[in-house]
Each structure stands twice: as C-alpha cells, then as structure tokens.
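What follows is a short report on a single structure.
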Amino acid sequence: DTEAAASSRTVFVRWLVRPIRPLHDLFAVIALWRILRREKPDLVHTHSSKAGILGRLAAWLAGVPRIIHTYHGFGFNDEQTPWVRTAFVLAERLVAPITDRLVVVASQNIEKALAHGIGRRNQYVVIHSGIKVADFSVPVGADLQVRPPFRDELGVPADAPLVGMIAPFKPQKDPCG
C-alpha cells in the first residue's frame with residue numbers, strides 16, 4: 001500500500017559481506033538484531049545462504065514473530081571442500097528450527113534439504129518460478145534474426161545457428177556441463 005511504500009527505506013549493513021568472515025558475521029548479526037529490535041517487524045523474509053542464516057538468527061534473537069526463508073539454491077554443493085560443505089549444512093540445520101516456513105522453487109530441493117537433515121517436511125512449501133515459459137517460446141523452425149553486426153563481432157556466419165545464455169557461471173549451475 002502507499003503508506004507502507006512511503007515509510008520504506010533501505011538500510012545498508014556494512015558488516016554483511018559475501019565471504020565468510022567470522023568477526024564481520026558476528027557484527028552483522030548484532031547490527032541486524034539492533035535494526036529489527038528498533039523496527040519491530042511482524043515478519044522477516046530472507047534469501048541467499050549466508051545472509052539468510054545471519055538474518056534468521058538476528059530475527060529470532062530480536063523476537064520477530066514470523067521468519068521465512070527462500071532457497072534459490074543451497075550454500076553447500078559437491079564442489080566445496082568437505083569442511084566448508086559441512087559448515088554450511090550445520091548452519092542451515094541450526095537456523096531451520098527457528099524458521100517458520102522454508103520456501104523452495106522445486107520439490108527436489110525439499111528432498112535434498114531433508115536428506116541433509118535441514119528442517120522438517122511440514123516447514124517446506126514449493127513456489128515455482130512465476131515465469132510462463134510459453135510466453136517466451138518460439139515455434140520450431142521460426143526465422144530468428146540476430147542483427148548482423150553482433151554476429152560479426154562474434155565471428156558467427158549469418159547462416160550458422162546462434163544460441164545465447166544468461167546465467168551465473170557457478171559450478172552448481174553447470175552451464176558448460
């Protein structure tokens with residue numbers, strides 16, 4: 001609503017950084033806890049692995065009544081060293097009990113999380129991508145034209161197939177696999 005939009009603001013927590021840095025992470029939890037104690041939200045909804053773990057912990061410590069986390073993937077994967085993977089799994093196990101709902105984008109994510117001892121089945125809900133793939137599909141045999149200068153830049157002949165991809169090049173996404 002317009003009242004909520006008028007009162008919303010962005011707060012940057014300088015301690016909340018992507019790499020794992022125990023001292024920064026502790027200060028980030030404290031900073032988030034202070035913000036949440038001051039603002040007294042009814043709900044905190046976190047995303048991403050590390051920020052989700054720290055944010056849920058801070059929300060719980062601040063007494064936020066409802067805590068939701070959305071997984072768009074897990075912070076642990078088979079490409080990590082065993083101790084890093086184990087640390088992420090243990091952290092997720094630690095904060096799952098203080099999380100009211102765990103949202104995933106596919107039912108396979110529930111099975112993976114439960115196999116790692118993260119949460120209870122009744123905490124999970126699947127919300128699939130909101131994109132209607134049919135809106136972006138192209139009929140087989142459709143004549144797709146890519147501007148010639150772009151093909152020239154890439155050195156791709158006008159009659160050769162050209163495929164594009166927009167994605168993160170992370171091992172767990174396996175874009176080249």
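Labels used: A, B, ... for chains in the order of the structure tokens, numbers from 1 for residues in each chain, and numbers from 1 for ligands as shown.
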### Query
Got a sec: who's within 8 Å of Arg66 in chain A, counting only C-alpha atoms, leaving out chain neighbours fewer than 5 positions off, as a count of residues only?
5
### Message
Set the distance at 6 Å and use only C-alpha atoms: which residues neighbour range 117-131 of chain A once local chain neighbours fewer than 3 positions away are removed? I'd like the list as a list in words.
### Response
Arg93, Ala96, Arg101, Leu102, Val103, Val104, Val105, Ala106, Ala113 and Leu114 of chain A
Deliver the residues from the most recent selection as a file, using N, CA and C atoms, as an mmCIF file, in the first residue's frame.
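Below is the file result39.cif, written as the result:
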data_model
loop_
_atom_site.group_PDB
_atom_site.id
_atom_site.type_symbol
_atom_site.label_atom_id
_atom_site.label_comp_id
_atom_site.auth_asym_id
_atom_site.auth_seq_id
_atom_site.Cartn_x
_atom_site.Cartn_y
_atom_site.Cartn_z
ATOM 1 N N ARG A 93 21.076 -26.335 9.438
ATOM 2 C CA ARG A 93 20.386 -27.136 10.462
ATOM 3 C C ARG A 93 20.112 -26.315 11.714
ATOM 4 N N ALA A 96 17.164 -23.726 10.827
ATOM 5 C CA ALA A 96 15.890 -24.284 10.351
ATOM 6 C C ALA A 96 14.828 -24.340 11.457
ATOM 7 N N ARG A 101 8.718 -20.968 7.855
ATOM 8 C CA ARG A 101 8.498 -21.543 6.537
ATOM 9 C C ARG A 101 9.786 -21.516 5.748
ATOM 10 N N LEU A 102 10.033 -22.611 5.031
ATOM 11 C CA LEU A 102 11.173 -22.726 4.126
ATOM 12 C C LEU A 102 10.603 -22.868 2.724
ATOM 13 N N VAL A 103 10.864 -21.880 1.886
ATOM 14 C CA VAL A 103 10.321 -21.852 0.531
ATOM 15 C C VAL A 103 11.390 -22.346 -0.434
ATOM 16 N N VAL A 104 10.989 -23.240 -1.336
ATOM 17 C CA VAL A 104 11.897 -23.748 -2.371
ATOM 18 C C VAL A 104 11.227 -23.575 -3.723
ATOM 19 N N VAL A 105 12.006 -23.664 -4.785
ATOM 20 C CA VAL A 105 11.462 -23.479 -6.129
ATOM 21 C C VAL A 105 11.166 -24.801 -6.835
ATOM 22 N N ALA A 106 11.528 -25.922 -6.206
ATOM 23 C CA ALA A 106 11.271 -27.236 -6.786
ATOM 24 C C ALA A 106 11.196 -28.271 -5.665
ATOM 25 N N ALA A 113 17.260 -31.068 0.956
ATOM 26 C CA ALA A 113 17.405 -30.485 2.291
ATOM 27 C C ALA A 113 17.134 -31.526 3.371
ATOM 28 N N LEU A 114 16.071 -32.287 3.216
ATOM 29 C CA LEU A 114 15.737 -33.298 4.218
ATOM 30 C C LEU A 114 16.813 -34.377 4.291
#
### Backbone DSSP call of strand (DSSP E) for chain A, listed as a ChimeraX atom specification
/A:43-47,66-70,101-104,124-126
### Message
List the spatial neighbours of range 69-85 of chain A as a list in words - criterion: any atom at most 8 Å away, only C-alpha atoms, same-chain residues fewer than 2 positions off excluded.
### Response
His45, Thr46, His47, Ser48, Ser49, Lys50, Gly52, Arg56, Ile67, Ala87, Phe88, Val89, Thr99, Arg101, Leu102, Val103, Val104, Val105, Asn109, Pro171 and Gln172 of chain A
### Message
Using Å and a single decimal, report how far CA of Glu39 in chain A sits from CA of Gly63 in chain A.
### Response
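We find that CA of Gly63 in chain A and CA of Glu39 in chain A lie 11.4 Å from each other.
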### Query
If you count only C-alpha atoms, which residues fall within 10 Å of Leu26 in chain A, apart from same-chain ones fewer than 6 positions away, as number ranges by chain?
A: 15-16, 32, 54, 58
### Message
Run DSSP on the backbone and tell me which residues of range 7-57 of chain A come out as alpha helix (DSSP H); list them as a PyMOL selection string.
### Response
chain A and resi 7+22-39+49-57
Find the residues around range 34-36 of chain A up to 8 Å (only C-alpha atoms counted), leave out those fewer than 6 positions away in its own chain, and share them as a CSV table (one decimal) with N, CA, C and O atoms, in the first residue's frame.
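The resulting file, part.csv, is shown below:
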chain,number,residue,atom,x,y,z
A,58,ALA,N,19.4,-13.3,13.6
A,58,ALA,CA,19.1,-11.9,14.1
A,58,ALA,C,17.6,-11.7,14.4
A,58,ALA,O,17.3,-11.2,15.4
A,59,ALA,N,16.8,-12.2,13.4
A,59,ALA,CA,15.4,-12.1,13.6
A,59,ALA,C,14.9,-12.8,14.8
A,59,ALA,O,14.0,-12.3,15.6
A,62,ALA,N,15.9,-11.1,17.9
A,62,ALA,CA,15.1,-9.9,18.1
A,62,ALA,C,13.6,-10.2,18.4
A,62,ALA,O,12.9,-9.2,18.7
A,64,VAL,N,11.3,-11.5,16.4
A,64,VAL,CA,10.4,-11.4,15.3
A,64,VAL,C,9.4,-12.6,15.3
A,64,VAL,O,9.9,-13.7,15.3
### Query
To one decimal place, how far is CA of Ala115 in chain A from CA of Thr86 in chain A in Å?
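According to the coordinates, CA of Ala115 in chain A and CA of Thr86 in chain A are separated by 13.2 Å.
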### Query
Rounded to one decimal in Å, what is the spacing between CA of Ala28 in chain A and CA of Ile68 in chain A?
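Value for the CA of Ala28 in chain A-CA of Ile68 in chain A distance: 18.8 Å.
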